[in-house]
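Trainee: Could you have a look at this structure, given as structure tokens, before my questions?
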Amino acid sequence: MVSSEYERRIAARFATFDQDGNGYIDREDFYGAAKALLAEFAVAARSDKGQALYGGAEAFWQGMAGIADRDGDQRITREEFVTGAVKRLRDNPDRFAEIARPFLHAALDVADTDGDGAVTVEEAGRVLKCLGAAEEMAGPAAATLDADGDGKVGEADVVPAFARYFTVPE
């Protein structure tokens, strides 16, 4: 039973990971997110960027499964997700950031269409939409990542914000 306000917020974020909506998070959800990003930015899966993204998705899945898949069935239920976030990540958002970093790094690389090491706010919004953010929220959320107002979003902006969103009550 989800009892605290924090646990309710984390439970609501479960849907972001459950890409296919089947009620649990598994490896295919991470691969689905990678596939959606590659399609959005017209990057081939067999390219270096595509392979890095799938490698990051696998690393992210393995990290999440290690934290939350308590019964070892290669699926994370909503309850396992909430328990994993609350008991293992709440006091250590940096741990979550490190689990997510390879995937986020590769996702930004896929979205970096001009190769300058950062994405535009618009590109960041497209990434967020592919990762499950509602269309009306993706753009504004991406804009908040541009802390210095230069129109660019880099890994240093994205990784801590992603970790805070999934581990800190807001």
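Residue numbers start at 1 in each chain; chains themselves are named A, B, ... in the order of the structure tokens; ligands are numbered from 1 in the order shown.
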For A:Ala156, please output as a PyMOL selection string all residues within 10 Å (counting only C-alpha atoms; exclusion window: fewer than 4 positions along the same chain).
Mentor: chain A and resi 101+105+118+145+160-161
Trainee: Please list as an mmCIF file with N, CA and C atoms, in the first residue's frame every residue within 9 Å of A:Ala124, counting only C-alpha atoms and excluding residues in the same chain fewer than 2 positions away.
Mentor:
```
data_model
loop_
_atom_site.group_PDB
_atom_site.id
_atom_site.type_symbol
_atom_site.label_atom_id
_atom_site.label_comp_id
_atom_site.auth_asym_id
_atom_site.auth_seq_id
_atom_site.Cartn_x
_atom_site.Cartn_y
_atom_site.Cartn_z
ATOM 1 N N LEU A 108 21.075 12.266 -25.417
ATOM 2 C CA LEU A 108 21.437 13.628 -25.813
ATOM 3 C C LEU A 108 22.307 13.622 -27.058
ATOM 4 N N ALA A 111 20.093 13.248 -29.994
ATOM 5 C CA ALA A 111 19.318 14.466 -30.247
ATOM 6 C C ALA A 111 20.177 15.655 -30.667
ATOM 7 N N VAL A 119 22.051 19.969 -26.752
ATOM 8 C CA VAL A 119 20.838 19.974 -27.567
ATOM 9 C C VAL A 119 20.117 21.301 -27.359
ATOM 10 N N THR A 120 19.329 21.677 -28.336
ATOM 11 C CA THR A 120 18.502 22.866 -28.169
ATOM 12 C C THR A 120 17.360 22.538 -27.213
ATOM 13 N N VAL A 121 16.716 23.560 -26.712
ATOM 14 C CA VAL A 121 15.564 23.351 -25.845
ATOM 15 C C VAL A 121 14.490 22.575 -26.610
ATOM 16 N N GLU A 122 14.316 22.887 -27.879
ATOM 17 C CA GLU A 122 13.321 22.184 -28.697
ATOM 18 C C GLU A 122 13.681 20.699 -28.828
ATOM 19 N N ARG A 126 11.691 17.272 -27.496
ATOM 20 C CA ARG A 126 11.405 16.081 -28.305
ATOM 21 C C ARG A 126 11.874 14.815 -27.581
ATOM 22 N N VAL A 127 13.034 14.893 -26.927
ATOM 23 C CA VAL A 127 13.543 13.753 -26.157
ATOM 24 C C VAL A 127 12.575 13.424 -25.028
ATOM 25 N N LEU A 128 12.168 14.436 -24.285
ATOM 26 C CA LEU A 128 11.254 14.207 -23.164
ATOM 27 C C LEU A 128 9.950 13.576 -23.630
ATOM 28 N N LYS A 129 9.446 14.022 -24.762
ATOM 29 C CA LYS A 129 8.214 13.448 -25.305
ATOM 30 C C LYS A 129 8.415 11.968 -25.631
ATOM 31 N N ALA A 138 6.279 18.642 -22.210
ATOM 32 C CA ALA A 138 7.651 18.411 -22.659
ATOM 33 C C ALA A 138 8.398 19.712 -22.935
ATOM 34 N N GLY A 139 7.780 20.623 -23.669
ATOM 35 C CA GLY A 139 8.441 21.893 -23.999
ATOM 36 C C GLY A 139 8.759 22.728 -22.773
ATOM 37 N N ALA A 141 9.019 21.749 -19.692
ATOM 38 C CA ALA A 141 10.003 21.039 -18.860
ATOM 39 C C ALA A 141 11.399 21.192 -19.448
ATOM 40 N N ALA A 142 11.513 21.101 -20.769
ATOM 41 C CA ALA A 142 12.809 21.269 -21.420
ATOM 42 C C ALA A 142 13.348 22.682 -21.197
ATOM 43 N N ALA A 143 12.464 23.654 -21.249
ATOM 44 C CA ALA A 143 12.891 25.041 -21.042
ATOM 45 C C ALA A 143 13.468 25.251 -19.645
ATOM 46 N N LEU A 145 15.208 23.203 -18.063
ATOM 47 C CA LEU A 145 16.553 22.617 -18.028
ATOM 48 C C LEU A 145 17.621 23.595 -18.502
ATOM 49 N N LYS A 152 20.479 26.118 -24.928
ATOM 50 C CA LYS A 152 21.098 24.789 -25.015
ATOM 51 C C LYS A 152 20.935 24.044 -23.700
ATOM 52 N N VAL A 153 20.850 22.725 -23.818
ATOM 53 C CA VAL A 153 20.724 21.850 -22.659
ATOM 54 C C VAL A 153 21.789 20.771 -22.794
#
```
Trainee: Show which residues sit within 9 Å of A:Lys49, as a list in words. Count only C-alpha atoms, and ignore same-chain residues fewer than 2 positions away.
Mentor: Leu38, Val43, Ala44, Ala45, Arg46, Ser47, Gln51, Ala52, Leu53, Tyr54, Ala106, Ala107, Asp109 and Val110 of chain A
Trainee: Export, as a compact mmCIF listing (two decimals), in the first residue's frame, the selected residues with C-alpha atoms.
Mentor:
```txt
# COMPACT_ATOMS: atom_id res chain seq x y z
CA LEU A 38 16.12 6.83 -32.79
CA VAL A 43 19.25 7.82 -36.41
CA ALA A 44 19.95 4.24 -37.48
CA ALA A 45 19.95 1.61 -34.74
CA ARG A 46 23.15 0.11 -36.16
CA SER A 47 25.00 3.43 -36.14
CA GLN A 51 24.40 1.25 -30.50
CA ALA A 52 25.45 3.59 -27.69
CA LEU A 53 21.80 4.36 -26.98
CA TYR A 54 20.85 0.68 -26.79
CA ALA A 106 23.52 8.63 -25.41
CA ALA A 107 20.01 10.11 -25.75
CA ASP A 109 24.02 12.53 -28.35
CA VAL A 110 21.25 11.19 -30.60
```
Trainee: Record the distance separating atom CA of A:Ala57 and atom CA of A:Gly149, expressed in Å with one decimal.
Mentor: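 Going from atom CA of A:Ala57 over to atom CA of A:Gly149, I get 29.3 Å.
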Trainee: Pull the strand (DSSP E) assignments for stretch 34-161 of chain A out of DSSP run on the backbone, and list those residues as number ranges by chain.
Mentor: A: 76-77, 119-120, 152-153
Trainee: Would you export the selected residues with C-alpha atoms as a short mmCIF file (atom, residue, chain, number, x, y, z; two decimals), in the first residue's frame, please?
Mentor:
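This went into part.cif:
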```cif
data_model
loop_
_atom_site.label_atom_id
_atom_site.label_comp_id
_atom_site.auth_asym_id
_atom_site.auth_seq_id
_atom_site.Cartn_x
_atom_site.Cartn_y
_atom_site.Cartn_z
CA ILE A 76 9.48 -4.27 -11.96
CA THR A 77 5.96 -3.90 -10.63
CA VAL A 119 20.84 19.97 -27.57
CA THR A 120 18.50 22.87 -28.17
CA LYS A 152 21.10 24.79 -25.01
CA VAL A 153 20.72 21.85 -22.66
#
```
Trainee: Going by DSSP on the backbone, which bits of chain A are helix (DSSP H, G or I)? Write them as a PyMOL selection string, please.
Mentor: chain A and resi 5-17+27-40+48-68+78-89+93-111+121-130+135-145+155-167
Trainee: Distance atom CA of A:Ala163-atom CA of A:Asp94, one decimal place?
Mentor: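 Atom-to-atom, atom CA of A:Ala163 to atom CA of A:Asp94, that is 7.0 Å.
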Trainee: Determine the nearest neighbour of A:Gly21 from the options A:Phe96, A:Asp116, A:Arg78, A:Met137, counting only C-alpha atoms.
Mentor: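 Of A:Phe96, A:Asp116, A:Arg78, A:Met137, the one nearest A:Gly21, counting only C-alpha atoms, is A:Arg78.
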Trainee: Pick from A:Phe41, A:Phe14, A:Phe81, A:Phe60: nearest to A:Arg27, with only C-alpha atoms counted?
Mentor: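 When distances to A:Arg27 are compared using only C-alpha atoms, the smallest one comes from A:Phe60.
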Trainee: Mind giving me the straight-line distance from atom CA of A:Arg9 to atom CA of A:Phe162 in Å, one decimal?
Mentor: 14.5 Å
Trainee: Can you pull out the residues contacting A:Tyr24? Cut-off 12 Å, using only C-alpha atoms, and skip same-chain residues under 2 positions away; I want them as a list in words.
Mentor: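 Close residues of A:Tyr24: Ala11, Phe14, Ala15, Thr16, Phe17, Asp18, Gln19, Asp20, Gly21, Asn22, Asp26, Arg27, Glu28, Asp29, Phe30, Ala65, Ala68, Asp69, Asp73, Gln74, Arg75, Ile76, Thr77, Arg78, Glu79, Glu80, Phe81 and Val82 of chain A.
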Trainee: Can you write out as a tab-separated table which residues of stretch 36-73 of chain A fall within 8 Å of stretch 130-135 of chain A, alongside each residue's closest atom pair and its distance in Å to one decimal, counting only C-alpha atoms and ordering rows by chain and ascending residue number?
Mentor:
```
residue	atom	partner	partner_atom	distance
A:Ala36	CA	A:Cys130	CA	5.8
A:Leu37	CA	A:Cys130	CA	5.9
A:Glu40	CA	A:Cys130	CA	7.6
```
Trainee: What would the file look like if the residues just selected were written as a PDB file, in the first residue's frame with C-alpha atoms?
Mentor:
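Output contents, as saved in selection-v3.pdb:
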```
ATOM      1  CA  ALA A  36      11.378   5.926 -30.167  1.00  0.00           C
ATOM      2  CA  LEU A  37      14.335   8.301 -29.798  1.00  0.00           C
ATOM      3  CA  GLU A  40      12.326  10.729 -33.729  1.00  0.00           C
TER       4      GLU A  40
END
```
